[in-house]
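Note: the block below is final05.csv and it holds CSV, C-alpha atoms and all ligand atoms.
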```csv
chain,number,residue,atom,x,y,z
A,1,MET,CA,16.5,18.2,6.3
A,2,ILE,CA,12.7,18.2,6.1
A,3,ALA,CA,11.2,15.9,8.8
A,4,PRO,CA,8.4,13.7,7.5
A,5,VAL,CA,4.9,13.8,9.0
A,6,ARG,CA,4.3,10.8,11.3
A,7,HIS,CA,0.9,9.1,11.5
A,8,ALA,CA,-0.5,6.6,13.9
A,9,GLN,CA,0.4,3.0,13.0
A,10,LEU,CA,-2.0,0.8,15.0
A,11,ASP,CA,-3.2,-2.8,14.8
A,12,SER,CA,-6.7,-3.4,13.6
A,13,GLU,CA,-8.2,-3.5,17.1
A,14,ALA,CA,-6.5,-0.2,18.1
A,15,THR,CA,-7.5,1.3,14.8
A,16,ALA,CA,-11.2,0.4,15.4
A,17,LYS,CA,-11.0,1.9,18.9
A,18,THR,CA,-9.5,5.1,17.6
A,19,VAL,CA,-12.0,5.4,14.7
A,20,GLN,CA,-14.8,4.8,17.2
A,21,ALA,CA,-13.5,7.6,19.4
A,22,LEU,CA,-13.4,9.9,16.4
A,23,ILE,CA,-16.9,8.9,15.4
A,24,ALA,CA,-18.1,9.7,18.9
A,25,ARG,CA,-16.4,13.1,18.7
A,26,HIS,CA,-18.0,14.1,15.3
A,27,ARG,CA,-21.3,12.2,15.0
A,28,ASN,CA,-23.5,14.9,16.4
A,29,GLN,CA,-22.2,17.8,14.3
A,30,PRO,CA,-24.1,18.8,11.1
A,31,GLY,CA,-22.5,17.2,8.0
A,32,ALA,CA,-20.4,14.9,10.2
A,33,LEU,CA,-18.9,12.8,7.5
A,34,LEU,CA,-16.4,15.2,6.0
A,35,PRO,CA,-14.9,16.4,9.3
A,36,LEU,CA,-14.8,12.8,10.5
A,37,LEU,CA,-13.0,11.7,7.4
A,38,HIS,CA,-10.5,14.5,7.8
A,39,ALA,CA,-9.9,13.5,11.4
A,40,VAL,CA,-9.4,9.8,10.4
A,41,GLN,CA,-6.9,10.8,7.7
A,42,ASP,CA,-5.1,13.2,9.9
A,43,THR,CA,-4.7,10.4,12.4
A,44,PHE,CA,-3.7,7.6,10.1
A,45,GLY,CA,-2.4,9.4,7.0
A,46,HIS,CA,-5.2,7.7,5.0
A,47,VAL,CA,-8.7,6.3,5.5
A,48,PRO,CA,-8.2,2.6,6.3
A,49,ALA,CA,-10.5,0.3,4.3
A,50,ASP,CA,-11.7,-1.3,7.6
A,51,ALA,CA,-12.8,2.0,8.8
A,52,VAL,CA,-15.4,2.6,6.0
A,53,ALA,CA,-18.0,0.2,7.3
A,54,GLN,CA,-17.4,1.4,10.9
A,55,ILE,CA,-17.9,5.0,9.8
A,56,ALA,CA,-21.0,4.1,7.8
A,57,ARG,CA,-22.5,2.3,10.9
A,58,GLY,CA,-21.6,5.2,13.2
A,59,LEU,CA,-23.2,7.9,11.0
A,60,ASN,CA,-26.1,5.7,9.8
A,61,LEU,CA,-25.0,5.9,6.2
A,62,SER,CA,-24.4,3.2,3.6
A,63,ARG,CA,-20.9,2.1,2.9
A,64,ALA,CA,-21.4,3.2,-0.7
A,65,GLU,CA,-22.1,6.8,0.5
A,66,VAL,CA,-18.9,6.9,2.6
A,67,HIS,CA,-16.9,5.3,-0.2
A,68,GLY,CA,-18.3,7.8,-2.7
A,69,VAL,CA,-17.2,10.7,-0.6
A,70,ILE,CA,-13.7,9.3,-0.1
A,71,THR,CA,-13.3,8.7,-3.9
A,72,TYR,CA,-14.9,12.0,-4.9
A,73,TYR,CA,-12.4,14.2,-2.9
A,74,HIS,CA,-8.8,14.0,-4.1
A,75,HIS,CA,-7.7,14.9,-0.6
A,76,PHE,CA,-8.7,11.5,0.8
A,77,ARG,CA,-6.3,8.5,0.4
A,78,SER,CA,-7.4,4.9,0.7
A,79,GLU,CA,-3.7,3.7,0.9
A,80,PRO,CA,-1.0,4.9,3.3
A,81,ALA,CA,1.1,7.7,1.8
A,82,GLY,CA,4.9,7.7,1.7
A,83,ARG,CA,7.0,9.2,4.6
A,84,HIS,CA,7.0,12.5,2.6
A,85,VAL,CA,4.0,13.9,0.7
A,86,VAL,CA,4.5,16.4,-2.1
A,87,GLN,CA,1.3,18.0,-3.4
A,88,VAL,CA,1.4,20.2,-6.5
A,89,CYS,CA,-1.5,22.6,-7.1
A,90,ARG,CA,-3.2,22.0,-10.4
A,91,ALA,CA,-6.0,24.5,-10.1
A,92,GLU,CA,-6.5,27.4,-12.5
A,93,ALA,CA,-4.1,30.1,-11.2
A,94,CYS,CA,-1.2,27.6,-10.8
A,95,GLN,CA,-2.0,26.1,-14.2
A,96,ALA,CA,-1.6,29.5,-15.7
A,97,CYS,CA,1.7,30.0,-14.0
A,98,GLY,CA,3.5,26.8,-14.8
A,99,ALA,CA,2.0,24.0,-12.7
A,100,ASP,CA,2.5,21.5,-15.5
A,101,ALA,CA,6.2,22.2,-15.8
A,102,LEU,CA,6.4,21.9,-12.0
A,103,ILE,CA,4.6,18.5,-12.1
A,104,ASP,CA,6.9,17.3,-14.8
A,105,ALA,CA,9.9,18.3,-12.7
A,106,ALA,CA,8.5,16.8,-9.6
A,107,GLU,CA,7.9,13.4,-11.4
A,108,ARG,CA,11.5,13.5,-12.7
A,109,LEU,CA,13.1,14.5,-9.4
A,110,LEU,CA,11.0,12.2,-7.2
A,111,GLY,CA,11.0,9.2,-9.5
A,112,CYS,CA,7.2,8.7,-9.4
A,113,GLY,CA,4.1,9.9,-11.1
A,114,LEU,CA,1.0,11.7,-9.7
A,115,HIS,CA,-1.0,9.6,-7.3
A,116,THR,CA,1.9,7.2,-6.8
A,117,THR,CA,4.3,6.4,-4.0
A,118,ARG,CA,7.9,5.8,-4.8
A,119,HIS,CA,9.2,2.4,-3.9
A,120,ALA,CA,10.3,2.0,-0.3
A,121,ALA,CA,7.4,4.3,0.6
A,122,ALA,CA,9.7,7.3,0.7
A,123,VAL,CA,7.5,9.9,-1.0
A,124,THR,CA,4.1,10.3,-2.5
A,125,LEU,CA,3.3,12.8,-5.2
A,126,GLU,CA,-0.3,14.1,-5.4
A,127,PRO,CA,-2.2,16.8,-7.2
A,128,VAL,CA,-4.2,19.3,-5.1
A,129,TYR,CA,-6.8,21.8,-6.3
A,130,CYS,CA,-5.9,25.2,-4.7
A,131,LEU,CA,-3.9,25.8,-1.6
A,132,GLY,CA,-5.1,29.4,-1.1
A,133,LEU,CA,-1.9,30.7,-2.5
A,134,CYS,CA,-3.2,31.7,-5.9
A,135,ALA,CA,-1.7,35.2,-5.8
A,136,ALA,CA,1.7,33.5,-5.4
A,137,SER,CA,1.4,30.6,-7.8
A,138,PRO,CA,2.6,28.1,-8.7
A,139,ALA,CA,2.3,26.6,-5.3
A,140,LEU,CA,2.9,23.3,-3.7
A,141,MET,CA,2.8,21.7,-0.2
A,142,VAL,CA,5.5,19.4,1.2
A,143,ASP,CA,4.6,17.5,4.4
A,144,GLY,CA,1.9,20.1,5.2
A,145,ALA,CA,4.2,23.1,4.6
A,146,PRO,CA,3.2,25.5,1.8
A,147,HIS,CA,5.6,26.8,-0.7
A,148,ALA,CA,4.7,29.7,-3.1
A,149,ARG,CA,6.1,31.0,-6.4
A,150,VAL,CA,7.9,27.7,-6.8
A,151,THR,CA,10.4,27.5,-9.7
A,152,VAL,CA,11.9,24.2,-10.9
A,153,ALA,CA,15.2,25.3,-9.3
A,154,ALA,CA,13.4,25.9,-6.0
A,155,LEU,CA,11.7,22.5,-6.3
A,156,GLU,CA,15.1,20.9,-6.8
A,157,ARG,CA,16.3,22.5,-3.5
A,158,ILE,CA,13.2,21.3,-1.7
A,159,VAL,CA,13.5,17.7,-3.0
A,160,ALA,CA,17.2,17.7,-2.1
A,161,GLN,CA,16.2,18.2,1.6
A,162,LEU,CA,13.9,15.2,1.6
A,163,GLU,CA,15.2,11.8,2.8
A,164,ILE,CA,14.0,9.8,-0.1
A,165,GLN,CA,17.0,7.8,-1.1
A,166,ALA,CA,15.7,4.2,-1.4
A,201,LIG,S1,-4.8,27.8,-7.8
A,201,LIG,FE1,-3.0,27.1,-6.9
A,201,LIG,S2,-3.0,27.9,-4.9
A,201,LIG,FE2,-4.9,28.6,-5.8
```

Could I get this structure in the form of structure tokens?
Ligand code: FES
Amino acid sequence: MIAPVRHAQLDSEATAKTVQALIARHRNQPGALLPLLHAVQDTFGHVPADAVAQIARGLNLSRAEVHGVITYYHHFRSEPAGRHVVQVCRAEACQACGADALIDAAERLLGCGLHTTRHAAAVTLEPVYCLGLCAASPALMVDGAPHARVTVAALERIVAQLEIQA
């Protein structure tokens, strides 16, 4: 059985405190916004809407700038993900080696489309754009663990290990 990744679930006051601590940790580094957004998403599993204004104030940016970066990069989520996250690579090498067939199979096996979370918040299916496994494509990531040269049969075995029965 594959154990799901756990993220912090905090009330809004605790969330604000945690975000403030992350801002303090990152604000003085060059190009602080991206590493800060990564830290926030690593902590909460997504970038909470309430954090956008706080991050903008903390880095002296506009809310539109912060929002623009969150929406530009597919990696960042504005909504919480499911207990399991399946990310299928759609970049060039994986496309050439059957990524589309893998996505079709993932949608069928997981019961949800790309960018969606299956009901009961069990699993989220997302595209990613290169996992650094191009020589062993097609590749995907499940709860942060990479899988290379994935066939539909291998994906069926991976999905069977997830606790996604609603
Ligand atoms: S293109 Fe898929 S891992 Fe690089």

Problem set entry | All residues 9 Å or closer to segment 16-18 of chain A, only C-alpha atoms, same chain fewer than 5 positions away omitted, as a PyMOL selection string | chain A and resi 11+23+40+43+50-51+54

Grab the residues selected above and save them as a compact mmCIF listing (two decimals), in the frame of the given file with C-alpha atoms.
```txt
# COMPACT_ATOMS: atom_id res chain seq x y z
CA ASP A 11 -3.20 -2.80 14.80
CA ILE A 23 -16.90 8.90 15.40
CA VAL A 40 -9.40 9.80 10.40
CA THR A 43 -4.70 10.40 12.40
CA ASP A 50 -11.70 -1.30 7.60
CA ALA A 51 -12.80 2.00 8.80
CA GLN A 54 -17.40 1.40 10.90
```

For this session: For each of A:Ala64, A:Ala122, A:Tyr129, A:Gln161, take the minimum atom-to-atom distance to ligand LIG 201 (chain A), counting only C-alpha atoms and all ligand atoms, then give the residue where this is smallest.
Result: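 So, comparing all the options, the nearest one is A:Tyr129.
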
Problem set entry | Close residues, Leu37 of chain A itself excluded, 12 Å, all atoms listed in the file, min 3 positions apart in chain, as a VMD selection string | chain A and resid 19 22 to 23 25 to 27 31 to 34 40 to 48 51 to 52 54 to 56 59 66 to 67 69 to 71 73 75 to 78

Problem set entry | At most 12 Å from ligand LIG 201 (chain A) (only C-alpha atoms and all ligand atoms): residue list as a PyMOL selection string | chain A and resi 87-100+102+127-141+146-150

For this session: Kindly extract all protein, DNA and RNA residues lying within 6 Å of the coordinates (3.0, 16.6, 2.1) given in the file, considering all atoms listed in the file, and supply them as a PyMOL selection string.
Result: chain A and resi 84-87+141-144

Seminar exercise, completed: Residue with the minimum atom-to-atom distance to His7 of chain A, picked from A:Ala160, A:Ala145, A:Ala49, A:Ala39 with only C-alpha atoms counted, is A:Ala39

Exercise. What is the distance, in Å and to one decimal place, between atom CA of Val123 of chain A and atom CA of Arg83 of chain A?
Worked result: 5.7 Å

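Between atom CA of His38 of chain A and atom CA of Ala21 of chain A the interatomic distance comes to 13.8 Å.
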
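Reported to one decimal place, the separation of atom CA of Cys112 of chain A from atom CA of Glu156 of chain A is 14.8 Å.
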
Completion of segment 120-131 of chain A up to all heavy atoms, as an mmCIF file, in the coordinates of the input:
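This is the output file part08.cif:
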```
data_model
loop_
_atom_site.group_PDB
_atom_site.id
_atom_site.type_symbol
_atom_site.label_atom_id
_atom_site.label_comp_id
_atom_site.auth_asym_id
_atom_site.auth_seq_id
_atom_site.Cartn_x
_atom_site.Cartn_y
_atom_site.Cartn_z
ATOM 1 N N ALA A 120 9.830 1.808 -1.652
ATOM 2 C CA ALA A 120 10.300 2.000 -0.300
ATOM 3 C C ALA A 120 9.517 3.009 0.469
ATOM 4 O O ALA A 120 9.900 3.452 1.548
ATOM 5 C CB ALA A 120 11.816 2.349 -0.255
ATOM 6 N N ALA A 121 8.347 3.389 -0.101
ATOM 7 C CA ALA A 121 7.400 4.300 0.600
ATOM 8 C C ALA A 121 8.022 5.572 1.043
ATOM 9 O O ALA A 121 7.665 6.129 2.066
ATOM 10 C CB ALA A 121 6.758 3.536 1.774
ATOM 11 N N ALA A 122 8.982 6.049 0.272
ATOM 12 C CA ALA A 122 9.700 7.300 0.700
ATOM 13 C C ALA A 122 8.878 8.514 0.446
ATOM 14 O O ALA A 122 8.851 9.416 1.286
ATOM 15 C CB ALA A 122 11.035 7.354 -0.023
ATOM 16 N N VAL A 123 8.217 8.602 -0.695
ATOM 17 C CA VAL A 123 7.500 9.900 -1.000
ATOM 18 C C VAL A 123 6.320 9.578 -1.912
ATOM 19 O O VAL A 123 6.343 8.685 -2.755
ATOM 20 C CB VAL A 123 8.515 10.835 -1.731
ATOM 21 C CG1 VAL A 123 9.000 10.312 -3.050
ATOM 22 C CG2 VAL A 123 7.882 12.207 -1.907
ATOM 23 N N THR A 124 5.260 10.356 -1.655
ATOM 24 C CA THR A 124 4.100 10.300 -2.500
ATOM 25 C C THR A 124 3.877 11.623 -3.174
ATOM 26 O O THR A 124 4.043 12.674 -2.552
ATOM 27 C CB THR A 124 2.819 10.009 -1.575
ATOM 28 O OG1 THR A 124 2.987 8.741 -0.957
ATOM 29 C CG2 THR A 124 1.527 10.001 -2.387
ATOM 30 N N LEU A 125 3.550 11.572 -4.459
ATOM 31 C CA LEU A 125 3.300 12.800 -5.200
ATOM 32 C C LEU A 125 1.806 12.834 -5.571
ATOM 33 O O LEU A 125 1.251 11.868 -6.099
ATOM 34 C CB LEU A 125 4.130 12.753 -6.530
ATOM 35 C CG LEU A 125 3.946 13.927 -7.500
ATOM 36 C CD1 LEU A 125 4.331 15.250 -6.842
ATOM 37 C CD2 LEU A 125 4.786 13.697 -8.765
ATOM 38 N N GLU A 126 1.175 13.955 -5.227
ATOM 39 C CA GLU A 126 -0.300 14.100 -5.400
ATOM 40 C C GLU A 126 -0.607 15.452 -6.014
ATOM 41 O O GLU A 126 0.091 16.429 -5.732
ATOM 42 C CB GLU A 126 -1.018 13.984 -4.085
ATOM 43 C CG GLU A 126 -0.869 12.671 -3.381
ATOM 44 C CD GLU A 126 -1.566 12.646 -2.029
ATOM 45 O OE1 GLU A 126 -1.716 13.721 -1.398
ATOM 46 O OE2 GLU A 126 -1.956 11.549 -1.612
ATOM 47 N N PRO A 127 -1.711 15.527 -6.775
ATOM 48 C CA PRO A 127 -2.200 16.800 -7.200
ATOM 49 C C PRO A 127 -3.114 17.389 -6.052
ATOM 50 O O PRO A 127 -3.693 16.622 -5.288
ATOM 51 C CB PRO A 127 -3.062 16.522 -8.404
ATOM 52 C CG PRO A 127 -3.566 15.135 -8.155
ATOM 53 C CD PRO A 127 -2.501 14.428 -7.339
ATOM 54 N N VAL A 128 -3.185 18.694 -5.941
ATOM 55 C CA VAL A 128 -4.200 19.300 -5.100
ATOM 56 C C VAL A 128 -4.853 20.417 -5.922
ATOM 57 O O VAL A 128 -4.312 20.827 -6.948
ATOM 58 C CB VAL A 128 -3.624 19.945 -3.789
ATOM 59 C CG1 VAL A 128 -3.252 18.904 -2.787
ATOM 60 C CG2 VAL A 128 -2.462 20.863 -4.063
ATOM 61 N N TYR A 129 -6.004 20.859 -5.460
ATOM 62 C CA TYR A 129 -6.800 21.800 -6.300
ATOM 63 C C TYR A 129 -7.008 23.073 -5.416
ATOM 64 O O TYR A 129 -8.024 23.218 -4.799
ATOM 65 C CB TYR A 129 -8.031 21.172 -6.787
ATOM 66 C CG TYR A 129 -7.650 20.082 -7.762
ATOM 67 C CD1 TYR A 129 -7.396 18.784 -7.316
ATOM 68 C CD2 TYR A 129 -7.439 20.374 -9.103
ATOM 69 C CE1 TYR A 129 -6.969 17.794 -8.192
ATOM 70 C CE2 TYR A 129 -7.012 19.396 -9.985
ATOM 71 C CZ TYR A 129 -6.780 18.109 -9.523
ATOM 72 O OH TYR A 129 -6.342 17.142 -10.393
ATOM 73 N N CYS A 130 -6.009 23.907 -5.387
ATOM 74 C CA CYS A 130 -5.900 25.200 -4.700
ATOM 75 C C CYS A 130 -5.505 25.083 -3.262
ATOM 76 O O CYS A 130 -6.113 24.382 -2.463
ATOM 77 C CB CYS A 130 -7.224 26.018 -4.814
ATOM 78 S SG CYS A 130 -6.870 27.760 -4.450
ATOM 79 N N LEU A 131 -4.430 25.767 -2.959
ATOM 80 C CA LEU A 131 -3.900 25.800 -1.600
ATOM 81 C C LEU A 131 -4.119 27.179 -0.976
ATOM 82 O O LEU A 131 -3.574 27.487 0.084
ATOM 83 C CB LEU A 131 -2.375 25.520 -1.645
ATOM 84 C CG LEU A 131 -1.992 24.112 -2.093
ATOM 85 C CD1 LEU A 131 -0.517 24.049 -2.464
ATOM 86 C CD2 LEU A 131 -2.311 23.103 -1.001
#
```
